[in-house]
file query_0.pdb (PDB, C-alpha atoms and all ligand atoms)
MODEL        1
ATOM      1  CA  MET Z 208      26.371  90.347  31.535
ATOM      2  CA  ASP Z 209      24.552  87.184  32.459
ATOM      3  CA  SER Z 210      22.314  85.028  30.340
ATOM      4  CA  ILE Z 211      18.560  85.526  30.197
ATOM      5  CA  ARG Z 212      16.128  82.723  30.919
ATOM      6  CA  ILE Z 213      12.840  82.759  29.040
ATOM      7  CA  LEU Z 214       9.691  80.748  29.633
ATOM      8  CA  PHE Z 215       8.108  80.244  26.231
ATOM      9  CA  LEU Z 216       4.669  78.694  25.891
ATOM     10  CA  ALA Z 217       2.042  78.851  23.158
ATOM     11  CA  ASP Z 218      -1.266  77.485  21.904
ATOM     12  CA  THR Z 219      -2.966  77.245  25.274
ATOM     13  CA  HIS Z 220      -6.412  77.439  23.588
ATOM     14  CA  LEU Z 221      -8.064  78.550  26.840
ATOM     15  CA  GLY Z 222     -11.827  78.285  26.755
ATOM     16  CA  PHE Z 223     -11.833  75.133  24.634
ATOM     17  CA  ASP Z 224     -14.650  72.859  25.879
ATOM     18  CA  LEU Z 225     -15.308  75.110  28.854
ATOM     19  CA  PRO Z 226     -18.904  76.337  28.786
ATOM     20  CA  LEU Z 227     -19.239  78.887  31.596
ATOM     21  CA  LYS Z 228     -22.928  78.069  32.058
ATOM     22  CA  PRO Z 229     -23.197  74.403  30.993
ATOM     23  CA  ARG Z 230     -26.711  73.116  30.388
ATOM     24  CA  ILE Z 231     -25.570  69.518  30.765
ATOM     25  CA  LYS Z 232     -23.242  68.522  33.558
ATOM     26  CA  ARG Z 233     -20.479  66.247  32.331
ATOM     27  CA  ARG Z 234     -16.730  66.099  32.312
ATOM     28  CA  ARG Z 235     -15.224  68.746  30.056
ATOM     29  CA  ARG Z 236     -11.735  69.062  28.673
ATOM     30  CA  GLY Z 237     -11.522  72.793  29.410
ATOM     31  CA  PRO Z 238     -10.140  72.402  32.966
ATOM     32  CA  ASP Z 239      -7.250  70.245  31.606
ATOM     33  CA  PHE Z 240      -6.121  73.217  29.523
ATOM     34  CA  PHE Z 241      -6.300  75.607  32.488
ATOM     35  CA  LYS Z 242      -4.457  73.112  34.686
ATOM     36  CA  ASN Z 243      -1.571  72.833  32.209
ATOM     37  CA  TYR Z 244      -1.573  76.608  31.722
ATOM     38  CA  ASP Z 245      -1.081  77.002  35.456
ATOM     39  CA  LEU Z 246       1.628  74.295  35.543
ATOM     40  CA  ALA Z 247       3.433  75.905  32.600
ATOM     41  CA  LEU Z 248       3.508  79.254  34.400
ATOM     42  CA  GLN Z 249       4.971  77.832  37.629
ATOM     43  CA  PRO Z 250       8.614  78.671  36.756
ATOM     44  CA  ALA Z 251       7.499  82.308  36.472
ATOM     45  CA  PHE Z 252       5.683  82.210  39.814
ATOM     46  CA  GLN Z 253       8.805  80.728  41.359
ATOM     47  CA  LYS Z 254      10.866  83.535  39.789
ATOM     48  CA  LYS Z 255      13.047  81.014  37.970
ATOM     49  CA  VAL Z 256      12.735  82.913  34.675
ATOM     50  CA  ASP Z 257      13.449  86.491  33.597
ATOM     51  CA  MET Z 258      10.593  86.758  31.131
ATOM     52  CA  VAL Z 259       7.438  84.970  29.947
ATOM     53  CA  ILE Z 260       6.550  84.877  26.260
ATOM     54  CA  HIS Z 261       3.285  83.431  24.955
ATOM     55  CA  GLY Z 262       3.425  82.594  21.249
ATOM     56  CA  GLY Z 263      -0.284  82.993  20.528
ATOM     57  CA  ASP Z 264      -3.614  81.215  20.547
ATOM     58  CA  LEU Z 265      -3.950  82.145  24.183
ATOM     59  CA  PHE Z 266      -7.683  81.631  23.646
ATOM     60  CA  TYR Z 267      -9.527  79.066  21.560
ATOM     61  CA  ARG Z 268     -11.377  81.711  19.567
ATOM     62  CA  SER Z 269     -11.835  85.473  19.214
ATOM     63  CA  LYS Z 270     -15.378  85.932  20.489
ATOM     64  CA  ILE Z 271     -15.048  85.197  24.183
ATOM     65  CA  PRO Z 272     -16.707  86.361  27.394
ATOM     66  CA  ASP Z 273     -14.977  88.850  29.721
ATOM     67  CA  LEU Z 274     -14.897  86.198  32.433
ATOM     68  CA  LEU Z 275     -12.651  83.988  30.303
ATOM     69  CA  ILE Z 276     -10.334  86.936  29.630
ATOM     70  CA  SER Z 277      -9.999  87.652  33.338
ATOM     71  CA  MET Z 278      -9.424  83.932  34.086
ATOM     72  CA  ALA Z 279      -6.584  83.832  31.538
ATOM     73  CA  PHE Z 280      -5.033  87.121  32.649
ATOM     74  CA  GLU Z 281      -5.229  86.504  36.401
ATOM     75  CA  PRO Z 282      -1.942  84.552  36.612
ATOM     76  CA  LEU Z 283      -0.286  86.799  34.010
ATOM     77  CA  VAL Z 284      -1.072  89.926  36.047
ATOM     78  CA  LYS Z 285       0.389  88.260  39.155
ATOM     79  CA  ILE Z 286       3.578  87.402  37.270
ATOM     80  CA  ALA Z 287       3.805  90.912  35.797
ATOM     81  CA  ASP Z 288       3.245  92.355  39.287
ATOM     82  CA  SER Z 289       6.150  90.335  40.645
ATOM     83  CA  GLY Z 290       8.451  92.107  38.162
ATOM     84  CA  VAL Z 291       8.662  89.456  35.434
ATOM     85  CA  PRO Z 292       7.636  90.887  32.036
ATOM     86  CA  VAL Z 293       4.889  89.020  30.164
ATOM     87  CA  ILE Z 294       4.816  89.255  26.378
ATOM     88  CA  LEU Z 295       1.911  88.001  24.264
ATOM     89  CA  VAL Z 296       1.558  87.352  20.530
ATOM     90  CA  PRO Z 297      -2.013  87.251  19.193
ATOM     91  CA  GLY Z 298      -2.639  84.081  17.184
ATOM     92  CA  ASN Z 299      -5.079  83.089  14.466
ATOM     93  CA  HIS Z 300      -7.605  81.759  16.970
ATOM     94  CA  GLU Z 301      -7.968  85.211  18.562
ATOM     95  CA  ARG Z 302      -8.004  86.737  15.067
ATOM     96  CA  SER Z 303      -4.687  88.488  15.578
ATOM     97  CA  PHE Z 304      -5.907  90.653  18.460
ATOM     98  CA  ILE Z 305      -5.916  90.043  22.217
ATOM     99  CA  ARG Z 306      -8.621  92.021  23.981
ATOM    100  CA  GLN Z 307      -8.193  93.200  27.569
ATOM    101  CA  SER Z 308     -10.409  95.043  29.983
ATOM    102  CA  MET Z 309      -8.995  97.771  32.263
ATOM    103  CA  PHE Z 310      -8.397  95.102  34.936
ATOM    104  CA  GLU Z 311      -5.935  93.228  32.753
ATOM    105  CA  ILE Z 312      -3.975  96.208  31.442
ATOM    106  CA  HIS Z 313      -0.625  96.219  33.196
ATOM    107  CA  ASP Z 314       2.651  98.137  32.653
ATOM    108  CA  ASN Z 315       4.535  94.874  32.595
ATOM    109  CA  ILE Z 316       2.290  93.028  30.104
ATOM    110  CA  TYR Z 317       3.220  93.659  26.476
ATOM    111  CA  ILE Z 318       1.012  92.605  23.569
ATOM    112  CA  PHE Z 319       1.910  92.478  19.894
ATOM    113  CA  ASN Z 320      -1.510  93.609  18.716
ATOM    114  CA  GLU Z 321       0.470  95.267  15.911
ATOM    115  CA  LEU Z 322       4.040  95.063  14.631
ATOM    116  CA  LYS Z 323       6.067  96.374  17.559
ATOM    117  CA  TYR Z 324       9.249  96.018  19.512
ATOM    118  CA  PHE Z 325       9.833  96.174  23.242
ATOM    119  CA  HIS Z 326      13.077  97.019  25.006
ATOM    120  CA  PHE Z 327      14.136  95.566  28.326
ATOM    121  CA  ARG Z 328      17.237  95.845  30.435
ATOM    122  CA  ILE Z 329      17.683  92.661  32.462
ATOM    123  CA  ASN Z 330      20.953  91.368  34.002
ATOM    124  CA  ASN Z 331      22.735  94.359  32.381
ATOM    125  CA  CYS Z 332      21.640  93.114  28.944
ATOM    126  CA  ASP Z 333      19.850  95.222  26.373
ATOM    127  CA  ILE Z 334      17.066  93.045  25.054
ATOM    128  CA  GLN Z 335      14.820  93.767  22.120
ATOM    129  CA  ILE Z 336      11.763  91.628  21.590
ATOM    130  CA  SER Z 337      10.266  92.258  18.165
ATOM    131  CA  GLY Z 338       7.023  90.714  17.066
ATOM    132  CA  PHE Z 339       3.791  90.942  15.145
ATOM    133  CA  PRO Z 340       0.307  89.442  15.400
ATOM    134  CA  CYS Z 341      -0.535  86.399  13.303
ATOM    135  CA  ALA Z 342      -0.685  87.416   9.653
ATOM    136  CA  ARG Z 343      -3.564  85.396   8.254
ATOM    137  CA  ASN Z 344      -3.185  86.458   4.621
ATOM    138  CA  ASN Z 345      -0.215  85.710   2.477
ATOM    139  CA  ILE Z 346       2.587  85.845   5.037
ATOM    140  CA  ARG Z 347       4.821  84.273   2.389
ATOM    141  CA  SER Z 348       4.983  87.525   0.444
ATOM    142  CA  GLU Z 349       4.459  89.857   3.444
ATOM    143  CA  PHE Z 350       7.220  88.510   5.666
ATOM    144  CA  LYS Z 351      10.128  90.352   3.997
ATOM    145  CA  LYS Z 352       8.268  93.652   4.404
ATOM    146  CA  ILE Z 353       7.732  92.931   8.103
ATOM    147  CA  ILE Z 354      11.421  92.152   8.600
ATOM    148  CA  LYS Z 355      12.372  95.412   6.838
ATOM    149  CA  GLU Z 356      10.174  97.370   9.230
ATOM    150  CA  ILE Z 357      11.796  95.666  12.213
ATOM    151  CA  ASP Z 358      15.230  96.619  10.844
ATOM    152  CA  TYR Z 359      14.347 100.282  11.340
ATOM    153  CA  THR Z 360      13.526  99.786  15.007
ATOM    154  CA  PHE Z 361      17.016  99.579  16.463
ATOM    155  CA  ILE Z 362      17.920 102.409  18.764
ATOM    156  CA  ASN Z 363      21.018 100.704  20.046
ATOM    157  CA  PHE Z 364      21.944  97.308  18.767
ATOM    158  CA  PRO Z 365      20.621  94.945  21.434
ATOM    159  CA  HIS Z 366      22.677  92.261  23.125
ATOM    160  CA  ILE Z 367      19.776  89.891  22.647
ATOM    161  CA  HIS Z 368      17.209  90.221  19.878
ATOM    162  CA  LEU Z 369      14.285  87.830  19.578
ATOM    163  CA  LEU Z 370      11.488  87.668  17.024
ATOM    164  CA  CYS Z 371       8.078  86.508  18.243
ATOM    165  CA  MET Z 372       5.293  85.425  15.940
ATOM    166  CA  HIS Z 373       2.531  82.914  15.264
ATOM    167  CA  GLN Z 374       3.176  81.476  11.809
ATOM    168  CA  ALA Z 375       3.995  78.314   9.903
ATOM    169  CA  ILE Z 376       7.518  78.139   8.522
ATOM    170  CA  GLU Z 377       8.745  75.873   5.748
ATOM    171  CA  GLY Z 378       9.746  72.491   7.124
ATOM    172  CA  ALA Z 379       7.406  72.555  10.135
ATOM    173  CA  GLN Z 380       5.602  69.241  10.626
ATOM    174  CA  VAL Z 381       2.243  68.301  12.108
ATOM    175  CA  GLY Z 382      -0.069  65.327  12.426
ATOM    176  CA  ILE Z 383       0.224  61.569  12.418
ATOM    177  CA  GLN Z 384       1.202  61.589   8.721
ATOM    178  CA  ASN Z 385       3.954  64.197   9.331
ATOM    179  CA  TYR Z 386       2.353  66.791   7.092
ATOM    180  CA  THR Z 387       5.123  69.219   6.139
ATOM    181  CA  PHE Z 388       4.555  72.921   5.464
ATOM    182  CA  ARG Z 389       6.210  73.832   2.148
ATOM    183  CA  THR Z 390       5.117  76.383  -0.433
ATOM    184  CA  ASN Z 391       1.661  77.594   0.591
ATOM    185  CA  HIS Z 392       0.867  81.298   0.855
ATOM    186  CA  ASP Z 393       0.549  80.776   4.653
ATOM    187  CA  THR Z 394       4.098  79.440   5.000
ATOM    188  CA  ILE Z 395       7.241  81.549   5.475
ATOM    189  CA  ARG Z 396      10.247  80.558   3.344
ATOM    190  CA  ALA Z 397      13.164  79.312   5.424
ATOM    191  CA  ASN Z 398      15.474  81.456   3.293
ATOM    192  CA  ASP Z 399      13.551  84.582   4.332
ATOM    193  CA  ILE Z 400      14.355  84.042   8.018
ATOM    194  CA  PRO Z 401      17.007  86.650   8.878
ATOM    195  CA  ASN Z 402      20.283  85.654  10.495
ATOM    196  CA  ASP Z 403      20.551  88.310  13.171
ATOM    197  CA  PHE Z 404      18.086  87.101  15.787
ATOM    198  CA  ALA Z 405      19.123  84.956  18.739
ATOM    199  CA  ALA Z 406      16.049  82.885  17.851
ATOM    200  CA  ILE Z 407      12.607  83.003  16.305
ATOM    201  CA  LEU Z 408       9.949  82.090  18.874
ATOM    202  CA  SER Z 409       6.718  81.015  17.262
ATOM    203  CA  GLY Z 410       3.372  79.573  18.180
ATOM    204  CA  HIS Z 411       0.860  78.008  15.760
ATOM    205  CA  ILE Z 412       2.460  74.601  15.133
ATOM    206  CA  HIS Z 413       1.058  72.320  17.827
ATOM    207  CA  ARG Z 414       3.881  69.786  17.653
ATOM    208  CA  ARG Z 415       6.982  70.877  19.575
ATOM    209  CA  GLN Z 416       9.983  71.253  17.276
ATOM    210  CA  ILE Z 417      13.012  73.270  16.321
ATOM    211  CA  LEU Z 418      13.706  74.236  12.722
ATOM    212  CA  SER Z 419      17.349  74.692  11.829
ATOM    213  CA  HIS Z 420      17.345  73.996   8.080
ATOM    214  CA  GLY Z 421      15.184  74.837   5.113
ATOM    215  CA  LEU Z 422      13.830  72.048   2.906
ATOM    216  CA  ASP Z 423      16.706  72.758   0.487
ATOM    217  CA  GLY Z 424      19.125  71.838   3.283
ATOM    218  CA  ARG Z 425      20.324  75.386   3.833
ATOM    219  CA  GLU Z 426      21.027  76.205   7.454
ATOM    220  CA  MET Z 427      19.090  78.905   9.268
ATOM    221  CA  LYS Z 428      21.404  80.817  11.560
ATOM    222  CA  SER Z 429      18.443  82.003  13.607
ATOM    223  CA  LYS Z 430      16.671  78.811  14.588
ATOM    224  CA  VAL Z 431      12.906  78.605  14.961
ATOM    225  CA  PHE Z 432      11.518  77.292  18.264
ATOM    226  CA  TYR Z 433       7.976  75.923  18.481
ATOM    227  CA  PRO Z 434       7.017  74.941  22.049
ATOM    228  CA  GLY Z 435       3.859  73.223  20.754
ATOM    229  CA  SER Z 436       0.476  73.312  22.423
ATOM    230  CA  ILE Z 437       0.077  72.674  26.180
ATOM    231  CA  GLU Z 438      -2.611  70.009  25.624
ATOM    232  CA  ARG Z 439      -3.751  67.884  22.700
ATOM    233  CA  THR Z 440      -6.307  69.901  20.762
ATOM    234  CA  SER Z 441      -7.109  67.231  18.156
ATOM    235  CA  PHE Z 442      -6.556  63.557  17.383
ATOM    236  CA  ALA Z 443      -3.800  64.562  14.972
ATOM    237  CA  GLU Z 444      -1.771  65.267  18.152
ATOM    238  CA  LYS Z 445      -2.609  61.987  19.902
ATOM    239  CA  ASN Z 446       0.994  60.706  19.954
ATOM    240  CA  GLU Z 447       2.641  64.040  20.780
ATOM    241  CA  LYS Z 448       4.193  65.082  24.065
ATOM    242  CA  LYS Z 449       2.967  68.434  25.286
ATOM    243  CA  GLY Z 450       4.589  71.152  27.345
ATOM    244  CA  TYR Z 451       6.565  74.373  27.136
ATOM    245  CA  LEU Z 452      10.107  75.615  26.568
ATOM    246  CA  ILE Z 453      12.752  77.085  28.829
ATOM    247  CA  ILE Z 454      15.347  78.958  26.774
ATOM    248  CA  ASP Z 455      18.618  80.506  27.948
ATOM    249  CA  CYS Z 456      19.953  83.308  25.754
ATOM    250  CA  ILE Z 457      23.439  84.704  26.022
ATOM    251  CA  PRO Z 458      24.237  88.252  24.984
ATOM    252  CA  THR Z 459      26.598  88.845  22.058
ATOM    253  CA  LYS Z 460      27.536  91.806  19.891
ATOM    254  CA  SER Z 461      25.189  90.534  17.204
ATOM    255  CA  GLY Z 462      21.793  89.925  18.731
ATOM    256  CA  GLY Z 463      22.611  87.066  21.098
ATOM    257  CA  GLU Z 464      22.669  83.296  20.927
ATOM    258  CA  ILE Z 465      20.779  80.381  22.431
ATOM    259  CA  GLU Z 466      22.958  78.813  25.077
ATOM    260  CA  ASN Z 467      20.568  76.111  26.202
ATOM    261  CA  PHE Z 468      16.976  75.004  25.927
ATOM    262  CA  GLU Z 469      14.703  72.413  27.457
ATOM    263  CA  PHE Z 470      11.279  71.129  26.472
ATOM    264  CA  VAL Z 471       9.398  70.584  29.719
ATOM    265  CA  ASP Z 472       6.612  67.983  29.619
ATOM    266  CA  LEU Z 473       3.137  68.559  30.974
ATOM    267  CA  PRO Z 474       0.692  65.779  31.899
ATOM    268  CA  CYS Z 475      -1.708  64.847  29.123
ATOM    269  CA  ARG Z 476      -4.652  62.497  28.989
ATOM    270  CA  ALA Z 477      -4.378  59.622  26.526
ATOM    271  CA  MET Z 478      -6.337  59.756  23.292
ATOM    272  CA  LYS Z 479      -7.850  56.456  22.148
ATOM    273  CA  GLU Z 480      -9.744  55.460  19.078
ATOM    274  CA  ILE Z 481     -12.289  52.672  18.650
ATOM    275  CA  ILE Z 482     -13.477  51.715  15.173
ATOM    276  CA  LEU Z 483     -16.606  49.570  14.776
ATOM    277  CA  GLN Z 484     -18.308  48.124  11.726
ATOM    278  CA  ALA Z 485     -22.042  48.814  11.926
ATOM    279  CA  GLU Z 486     -23.312  46.356   9.310
ATOM    280  CA  CYS Z 487     -25.614  43.535  10.394
ATOM    281  CA  LEU Z 488     -25.961  44.850  13.906
ATOM    282  CA  SER Z 489     -28.861  46.176  15.865
ATOM    283  CA  LYS Z 490     -28.491  49.299  17.969
ATOM    284  CA  THR Z 491     -28.349  47.156  21.114
ATOM    285  CA  ASP Z 492     -25.658  44.953  19.578
ATOM    286  CA  LEU Z 493     -23.658  48.038  18.742
ATOM    287  CA  LEU Z 494     -23.983  49.463  22.263
ATOM    288  CA  ASN Z 495     -22.932  46.070  23.680
ATOM    289  CA  GLN Z 496     -19.926  46.045  21.389
ATOM    290  CA  ILE Z 497     -18.985  49.519  22.574
ATOM    291  CA  VAL Z 498     -19.269  48.444  26.221
ATOM    292  CA  TYR Z 499     -17.088  45.417  25.468
ATOM    293  CA  LYS Z 500     -14.470  47.483  23.616
ATOM    294  CA  ILE Z 501     -14.232  50.197  26.232
ATOM    295  CA  SER Z 502     -13.928  47.775  29.147
ATOM    296  CA  SER Z 503     -10.204  47.576  28.481
ATOM    297  CA  ILE Z 504      -9.504  51.241  27.837
ATOM    298  CA  ASP Z 505      -8.042  53.853  30.153
ATOM    299  CA  LYS Z 506     -10.993  55.313  32.104
ATOM    300  CA  ASN Z 507      -9.344  58.715  31.992
ATOM    301  CA  CYS Z 508      -8.940  58.840  28.218
ATOM    302  CA  ILE Z 509     -10.306  61.001  25.455
ATOM    303  CA  LEU Z 510     -12.127  58.648  23.153
ATOM    304  CA  ARG Z 511     -12.957  58.914  19.492
ATOM    305  CA  LEU Z 512     -15.502  56.395  18.348
ATOM    306  CA  ARG Z 513     -15.756  55.780  14.617
ATOM    307  CA  ILE Z 514     -18.610  53.720  13.324
ATOM    308  CA  LYS Z 515     -18.178  52.544   9.782
ATOM    309  CA  SER Z 516     -21.285  51.807   7.823
ATOM    310  CA  ASN Z 517     -21.759  51.129   4.114
ATOM    311  CA  LYS Z 518     -25.531  51.015   4.175
ATOM    312  CA  LYS Z 519     -27.154  54.420   4.321
ATOM    313  CA  THR Z 520     -30.312  52.998   5.887
ATOM    314  CA  ILE Z 521     -28.573  51.797   9.008
ATOM    315  CA  ILE Z 522     -27.679  55.323  10.112
ATOM    316  CA  ASN Z 523     -31.198  55.909  11.467
ATOM    317  CA  GLU Z 524     -30.740  52.991  13.808
ATOM    318  CA  LEU Z 525     -27.381  54.070  15.152
ATOM    319  CA  PRO Z 526     -27.233  55.112  18.801
ATOM    320  CA  LYS Z 527     -27.228  58.804  19.649
ATOM    321  CA  LEU Z 528     -24.195  60.327  21.329
ATOM    322  CA  GLU Z 529     -26.179  60.567  24.599
ATOM    323  CA  GLU Z 530     -26.941  56.832  24.512
ATOM    324  CA  ILE Z 531     -23.263  56.047  24.042
ATOM    325  CA  ARG Z 532     -22.329  58.413  26.870
ATOM    326  CA  ASN Z 533     -24.690  56.493  29.137
ATOM    327  CA  VAL Z 534     -22.712  53.274  28.706
ATOM    328  CA  LEU Z 535     -19.312  54.970  29.127
ATOM    329  CA  PRO Z 536     -17.554  55.783  32.389
ATOM    330  CA  GLU Z 537     -18.291  59.440  33.288
ATOM    331  CA  THR Z 538     -14.572  60.168  33.229
ATOM    332  CA  VAL Z 539     -14.202  59.513  29.498
ATOM    333  CA  ASN Z 540     -14.611  62.354  27.006
ATOM    334  CA  ILE Z 541     -16.038  61.130  23.745
ATOM    335  CA  SER Z 542     -16.434  62.300  20.177
ATOM    336  CA  TYR Z 543     -18.434  60.203  17.756
ATOM    337  CA  LYS Z 544     -18.412  59.946  14.035
ATOM    338  CA  VAL Z 545     -20.314  57.795  11.553
ATOM    339  CA  GLU Z 546     -18.431  57.080   8.344
TER     340      GLU Z 546
HETATM  341 MN    MN E   1      -3.194  76.957  17.882
ENDMDL
END

call {"tool": "encode", "arguments": {"input": "query_0.pdb", "output": "structure tokens"}}
result
Amino acid sequence: MDSIRILFLADTHLGFDLPLKPRIKRRRRGPDFFKNYDLALQPAFQKKVDMVIHGGDLFYRSKIPDLLISMAFEPLVKIADSGVPVILVPGNHERSFIRQSMFEIHDNIYIFNELKYFHFRINNCDIQISGFPCARNNIRSEFKKIIKEIDYTFINFPHIHLLCMHQAIEGAQVGIQNYTFRTNHDTIRANDIPNDFAAILSGHIHRRQILSHGLDGREMKSKVFYPGSIERTSFAEKNEKKGYLIIDCIPTKSGGEIENFEFVDLPCRAMKEIILQAECLSKTDLLNQIVYKISSIDKNCILRLRIKSNKKTIINELPKLEEIRNVLPETVNISYKVE
């Protein structure tokens, strides 16, 4: 038996800032997400992997047009057609359900729209992929029940057994301040993670990371792999590298082991922040200050402009987002906040 190579990506948030009929023509961030989605799937197109797993938040939200669904599924159907299985976990952004039309339904695309398990035989290995859609209520108390149900699913004990989900697990970290998930009802206890999986593959946490210990220092025999999002979805991710995971699993008598893994980077646009004090300035002064400040920034960046003002009256005189856009290079994406 040979090892199995898995392409694991998650949190692609397709459809984010991608109006299909835009009223105003300007640069959007949506195409960046599709570009990285396509780049992330290249190892599958090149048949360098045995399986593709998406850890959820395929889409940016649940209510989406059919066109967006077909855009997202087009490469997946091609990969499935070429003989590489594609497995999808519905995330919280798609409200735990991935919708397909008849054009996207494919024998070789498997979706965890409910708690399920799929069996594969690849490289003479028996592989079981168990998984469930994002549990949005009280996963902390529900998780043990889910694991019990999975325990009943073994027909033959697989050489490789993986658990796929879209949840926060104790110890996971996000954001510039390293917020750590601990005891909330939406967080799985590290001690509840069973020992008999080759690995836990999860989406949801946008920072790439591997969890191997609980916060009490106890080791998890089945490690948790978060590939992170493929692009920066918020300023909390501004310093994070983005990409996907390639994981090699080796078969054993007890559910397999991870032999090797690699985080593969994807290109990301820089996120910059400019903070201005609005007091004692006219609107023109403020616009001039913005022009001055942005003259040195990366023209390809995603900009967050924060205007700090103590006087409530001055807010009426602040420039509108459109006026700021007019003084920015067209290539910059901007968000604007008055504090
Ligand atoms: Mn997400």

call {"tool": "axis_aligned_box", "arguments": {"input": "query_0.pdb", "around": "range 344-359 of chain Z", "padding_each_side": "3 Å", "output": "lines of an AutoDock Vina configuration file"}}
result
center_x = 6.0
center_y = 92.3
center_z = 6.3
size_x = 24.4
size_y = 22.0
size_z = 17.8

call {"tool": "resolve_selection", "arguments": {"input": "query_0.pdb", "expression": "the PyMOL selection byres (((not hetatm)) within 6 of (chain E and resi 1))", "output": "PyMOL selection string"}}
result
chain Z and resi 218+264+411

call {"tool": "write_last_selection", "arguments": {"input": "query_0.pdb", "atoms": "C-alpha atoms", "output": "short mmCIF file (atom, residue, chain, number, x, y, z; two decimals), in the frame of the given file"}}
result
data_model
loop_
_atom_site.label_atom_id
_atom_site.label_comp_id
_atom_site.auth_asym_id
_atom_site.auth_seq_id
_atom_site.Cartn_x
_atom_site.Cartn_y
_atom_site.Cartn_z
CA ASP Z 218 -1.27 77.48 21.90
CA ASP Z 264 -3.61 81.22 20.55
CA HIS Z 411 0.86 78.01 15.76
#

call {"tool": "resolve_selection", "arguments": {"input": "query_0.pdb", "expression": "the PyMOL selection byres (((chain Z and resi 507-518) around 8) and not hetatm)", "output": "list in words"}}
result
Arg476, Ala477, Met478, Lys479, Glu480, Ile481, Ile482, Leu483, Gln484, Ala485, Glu486, Ile504, Asp505, Lys506, Lys519, Thr520, Ile521, Ile522, Thr538, Val539, Asn540, Ile541, Ser542, Tyr543, Lys544, Val545 and Glu546 of chain Z

call {"tool": "resolve_selection", "arguments": {"input": "query_0.pdb", "expression": "the PyMOL selection byres (((chain Z and resi 383-393) around 10) and not hetatm)", "output": "ChimeraX atom specification"}}
result
/Z:342-349,374-382,394-397,421-422,442-447

call {"tool": "atom_distance", "arguments": {"input": "query_0.pdb", "atom1": "CA of Pro226 in chain Z", "atom2": "CA of Phe241 in chain Z"}}
result
13.2 Å

call {"tool": "residues_near_point", "arguments": {"input": "query_0.pdb", "point": "(8.6, 77.3, 16.8)", "cutoff": "12 Å", "atoms": "all atoms listed in the file", "output": "PyMOL selection string"}}
result
chain Z and resi 215-218+261-263+370-381+406-419+429-436+451-452+470

call {"tool": "atom_distance", "arguments": {"input": "query_0.pdb", "atom1": "CA of Asn331 in chain Z", "atom2": "CA of Asp257 in chain Z"}}
result
12.2 Å

call {"tool": "closest_residue", "arguments": {"input": "query_0.pdb", "among": "Z:Leu295, Z:Leu221, Z:Leu214, Z:Ile271", "to": "Phe252 in chain Z", "atoms": "all atoms listed in the file"}}
result
Z:Leu214

call {"tool": "closest_residue", "arguments": {"input": "query_0.pdb", "among": "Z:Ser441, Z:Arg233, Z:Pro238, Z:Asn402", "to": "Arg532 in chain Z", "atoms": "only C-alpha atoms"}}
result
Z:Arg233

call {"tool": "closest_residue", "arguments": {"input": "query_0.pdb", "among": "Z:Lys285, Z:Phe350, Z:Lys448, Z:Ile367", "to": "Ser210 in chain Z", "atoms": "only C-alpha atoms"}}
result
Z:Ile367

call {"tool": "residues_around", "arguments": {"input": "query_0.pdb", "residues": "Met258 in chain Z", "least_positions_apart": "3", "cutoff": "6 Å", "atoms": "only C-alpha atoms", "output": "number ranges by chain"}}
result
Z: 213, 291-292

call {"tool": "residues_around", "arguments": {"input": "query_0.pdb", "residues": "Cys475 in chain Z", "least_positions_apart": "3", "cutoff": "8 Å", "atoms": "all atoms listed in the file", "output": "MDAnalysis selection string"}}
result
chainID Z and resid 438:439 448:449

call {"tool": "residues_around", "arguments": {"input": "query_0.pdb", "residues": "Glu469 in chain Z", "least_positions_apart": "2", "cutoff": "8 Å", "atoms": "all atoms listed in the file", "output": "number ranges by chain"}}
result
Z: 452-454, 467, 471

call {"tool": "closest_residue", "arguments": {"input": "query_0.pdb", "among": "Z:Glu464, Z:Glu301, Z:Asp333, Z:Glu356", "to": "Phe404 in chain Z", "atoms": "only C-alpha atoms"}}
result
Z:Glu464

call {"tool": "atom_distance", "arguments": {"input": "query_0.pdb", "atom1": "CA of Ser337 in chain Z", "atom2": "CA of His368 in chain Z"}}
result
7.4 Å

call {"tool": "closest_residue", "arguments": {"input": "query_0.pdb", "among": "Z:Phe266, Z:Tyr244, Z:Phe468, Z:Tyr317", "to": "Arg212 in chain Z", "atoms": "only C-alpha atoms"}}
result
Z:Phe468

call {"tool": "closest_residue", "arguments": {"input": "query_0.pdb", "among": "Z:Phe364, Z:Tyr324, Z:Tyr267, Z:Phe240", "to": "Gly462 in chain Z", "atoms": "all atoms listed in the file"}}
result
Z:Phe364
